[in-house]
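Here's the structure, in structure tokens; my notes come after.
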Amino acid sequence: MHDLVIRHGTVIDGTGGDPIEADVAVSNGRIAAVGKNLSAGKEEIDARGKIVTPGFIDPHSHYDAQATWSSRITPSSWNGVTTTLIGNCGVGFAPCKPDQRDMLVKLMEGVEDIPEVVLTEGLPWNWQSFPEYLDALESRPFDLDVATQVPHAALRVFVMGQRGLAREPATQADSDRMAQLAAEGIQAGALGFSTSRTINHKTKRGELIPTLQAEEAELTTIGNALKTIDAGWLQVISDFDDPEAEFAMLRRITAASGRKMAITILQRDAKPEEWRRITAWIAEANTAGVGMLGQVLTRATGILLGLEISQNPFFGRPSYTALAGLPLADRVAAMRDPETRKRILSETIADRTLERRVSQWNRIFPLSDPPNYEPSADQSIAAIALRQGRDPADLAYDMLLENDGKTILYRPLSNYTEGNLNTVHDMLTHPATIVGLGDGGAHVGMLCDSSALTTMLTHWTRDRAVGPRFTLPWAIRRVTLDSAAAIGLHDRGVLKPGYKADLNVIDYDRLALHTPRVVYDLPSGGRRVIQTASGYEATIVSGVPVYREGEATGALPGRLVRGAKAAPV
């Protein structure tokens, strides 16, 4: 008797092949058989009229802190993810000496918008070295599998102390020590090394990330350590301010290391075609035998705006700032006062960059339920206000006060220069990209893109009305096999005998995202934005259902993944 049998489902196996009607049998955490009339299971799921897929692989999340205090890696596990890779963008909490903890907490608070009090109360700090951090994670059960990377910022602080934090050039001895620690972490089970080269990553006080100006010699020394142990990949985010020189350097580092490099790919309004140049260079590198990939999101990268979250359209106006520290209900009551309203609406935001970010009315949209991540220009606050003969700020003010101040607006930033997702379509279909950048566990007060893998199925294969869609088998391959292979986990992402039994049973017709909402379930009552979905009838990890109809079963079979995994023989 099998442990679990899923009956009568439409199997989409992750390879991109045609769907088949079949049963799926699971034994000992592995897929035992796929076919008709399989023998009985101790537990059975009727998947008639449903699709059965491999569990989704998310190669870009930031649950480095959450995984130390919670066994539930939500919202990702609510959205069909069964394996997630943390430690991205060079930030994390290991290695770390006791007197350096505050440095990393303040860095993560700014870079990933996680309140300091949450991290201070939540992190157990039962580690110093990276291998000890892995041991701490291994002691916990999860609702999905967690894989890790060694973060460059933590290495720099650990080795160089205040010099590293101040972005001073590393000496050769510094670089050698960081390389040794990176190799040690990967040999202990991390899947790679990550770094950040973007000015967007900074502390709340505006201090730039320690890795921003790391020199080529430092990165090459670390890359060479990965070559020596023949393991791990390199993950990078960069501003590409000097794109030719920056990419040439990254390619040299990749070539010297002999390892694969993944680079964040975004469309920026100021340089809307630059991403095409970068992905073309990535493709050229691959042709030359230098393994490189671009990581792309399934929708625009953007922020959410609201009174209950980190920013809103009046954030930075003096009269609103005077109210910002009040509890939400008190702030809403104060904002309903006619005189207060008049003052706030009469003011401007002094910081012009912030003003464009939160008050560019033709790029701010109401968020429907289910949310539309490809809104048209006529759905913007500016367009609605024009039709109503109102000032856009006046309209937005009223919208934010609805629902007791819990209304959320959507502000796409990158990937939306043309006001649609045609660019994202081209990113997703580029042969040198993988799907990632959901950032689960980060930016918890301003976005929730860990749901973007659900968007791949709902929007791109079914709901999109303004451009081409993808076939369901193709889209599922992109969030299963392709991602698993990229990060070196060849034992999952395919629904065939011998592979790890990480699965989703999905009511495709009913699959839908819900509007993001705010909850206060982090340590110290910390706030975060979450997003749930309907239609995931079962999510299964290592053959054990962890969610049924969106409700937790109580089972926690997920574990730390140590090292790359070979495909079943």
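By order of appearance in the structure tokens: chains A, B, ..., then residues from 1 within every chain, and ligands from 1 in the order shown.
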
Distance table requested - range 524-544 of chain A against range 354-370 of chain A, cut-off 12 Å, only C-alpha atoms: one row per qualifying residue with the closest atom pair and its distance in Å to one decimal, ordered by chain and rising residue number, as JSON lines.
{"residue": "A:Gln531", "atom": "CA", "partner": "A:Pro370", "partner_atom": "CA", "distance": 10.7}
{"residue": "A:Thr532", "atom": "CA", "partner": "A:Pro370", "partner_atom": "CA", "distance": 10.5}
{"residue": "A:Ala533", "atom": "CA", "partner": "A:Pro370", "partner_atom": "CA", "distance": 9.3}
{"residue": "A:Ser534", "atom": "CA", "partner": "A:Pro370", "partner_atom": "CA", "distance": 10.2}

What does the file look like for those residues with C-alpha atoms, as a PDB file, in the first residue's frame?
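For reference, out.pdb as written:
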ATOM      1  CA  GLN A 531      -1.479  37.418   0.534  1.00  0.00           C
ATOM      2  CA  THR A 532      -3.436  34.193   0.352  1.00  0.00           C
ATOM      3  CA  ALA A 533      -4.961  32.328  -2.577  1.00  0.00           C
ATOM      4  CA  SER A 534      -7.950  30.119  -3.303  1.00  0.00           C
TER       5      SER A 534
END

Mind checking DSSP for range 347-535 of chain A and telling me the strand (DSSP E) residues as a ChimeraX atom specification?
/A:365-366,409-414,433-435,503-506,512-513,517-522,526-530,533-534

Just C-alpha atoms for this one: save the residues we selected as a PDB file, in the first residue's frame.
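The new file again.pdb reads:
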ATOM      1  CA  PHE A 365      -4.052  52.160  -8.972  1.00  0.00           C
ATOM      2  CA  PRO A 366      -6.789  50.858  -6.665  1.00  0.00           C
ATOM      3  CA  LEU A 409      -3.264  51.033  -3.494  1.00  0.00           C
ATOM      4  CA  TYR A 410      -0.812  49.569  -6.022  1.00  0.00           C
ATOM      5  CA  ARG A 411       2.222  51.401  -7.397  1.00  0.00           C
ATOM      6  CA  PRO A 412       4.179  49.484 -10.069  1.00  0.00           C
ATOM      7  CA  LEU A 413       7.777  50.699 -10.285  1.00  0.00           C
ATOM      8  CA  SER A 414      10.004  48.542 -12.494  1.00  0.00           C
ATOM      9  CA  THR A 433      16.167  33.635 -17.481  1.00  0.00           C
ATOM     10  CA  ILE A 434      14.552  31.922 -14.543  1.00  0.00           C
ATOM     11  CA  VAL A 435      11.533  33.010 -12.524  1.00  0.00           C
ATOM     12  CA  LEU A 503       3.211  18.356  -5.229  1.00  0.00           C
ATOM     13  CA  ASN A 504       0.295  20.712  -5.712  1.00  0.00           C
ATOM     14  CA  VAL A 505      -3.293  19.699  -6.398  1.00  0.00           C
ATOM     15  CA  ILE A 506      -4.919  22.772  -7.913  1.00  0.00           C
ATOM     16  CA  ALA A 512      -7.183  33.174  -7.517  1.00  0.00           C
ATOM     17  CA  LEU A 513      -5.143  35.548  -5.424  1.00  0.00           C
ATOM     18  CA  ARG A 517      -3.804  42.488   3.856  1.00  0.00           C
ATOM     19  CA  VAL A 518      -1.928  43.392   7.009  1.00  0.00           C
ATOM     20  CA  VAL A 519      -1.472  41.066   9.976  1.00  0.00           C
ATOM     21  CA  TYR A 520       0.461  41.519  13.225  1.00  0.00           C
ATOM     22  CA  ASP A 521       1.920  38.058  13.758  1.00  0.00           C
ATOM     23  CA  LEU A 522       5.663  38.751  13.785  1.00  0.00           C
ATOM     24  CA  GLY A 526       5.321  43.168  14.256  1.00  0.00           C
ATOM     25  CA  ARG A 527       3.360  43.999  11.125  1.00  0.00           C
ATOM     26  CA  ARG A 528       3.609  42.357   7.750  1.00  0.00           C
ATOM     27  CA  VAL A 529       1.650  42.255   4.504  1.00  0.00           C
ATOM     28  CA  ILE A 530       0.393  38.805   3.520  1.00  0.00           C
ATOM     29  CA  ALA A 533      -4.961  32.328  -2.577  1.00  0.00           C
ATOM     30  CA  SER A 534      -7.950  30.119  -3.303  1.00  0.00           C
TER      31      SER A 534
END

Closest atom pairs, range 207-286 of chain A residues within 6 Å of range 295-319 of chain A, only C-alpha atoms, as a Markdown table:
| residue | atom | partner | partner_atom | distance |
| --- | --- | --- | --- | --- |
| A:Ile263 | CA | A:Gln295 | CA | 5.8 |
| A:Thr264 | CA | A:Gln295 | CA | 4.8 |
| A:Ile265 | CA | A:Val296 | CA | 5.5 |

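Counting only C-alpha atoms, the residue from A:Ser77, A:Thr321, A:Ser257, A:Gln267 that sits nearest to Met427 in chain A is A:Gln267.
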
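Around Lys565 in chain A, within 6 Å and counting only C-alpha atoms, the residues found are Leu489, His490 and Asp491 of chain A, once anything fewer than 3 positions away on its own chain is removed.
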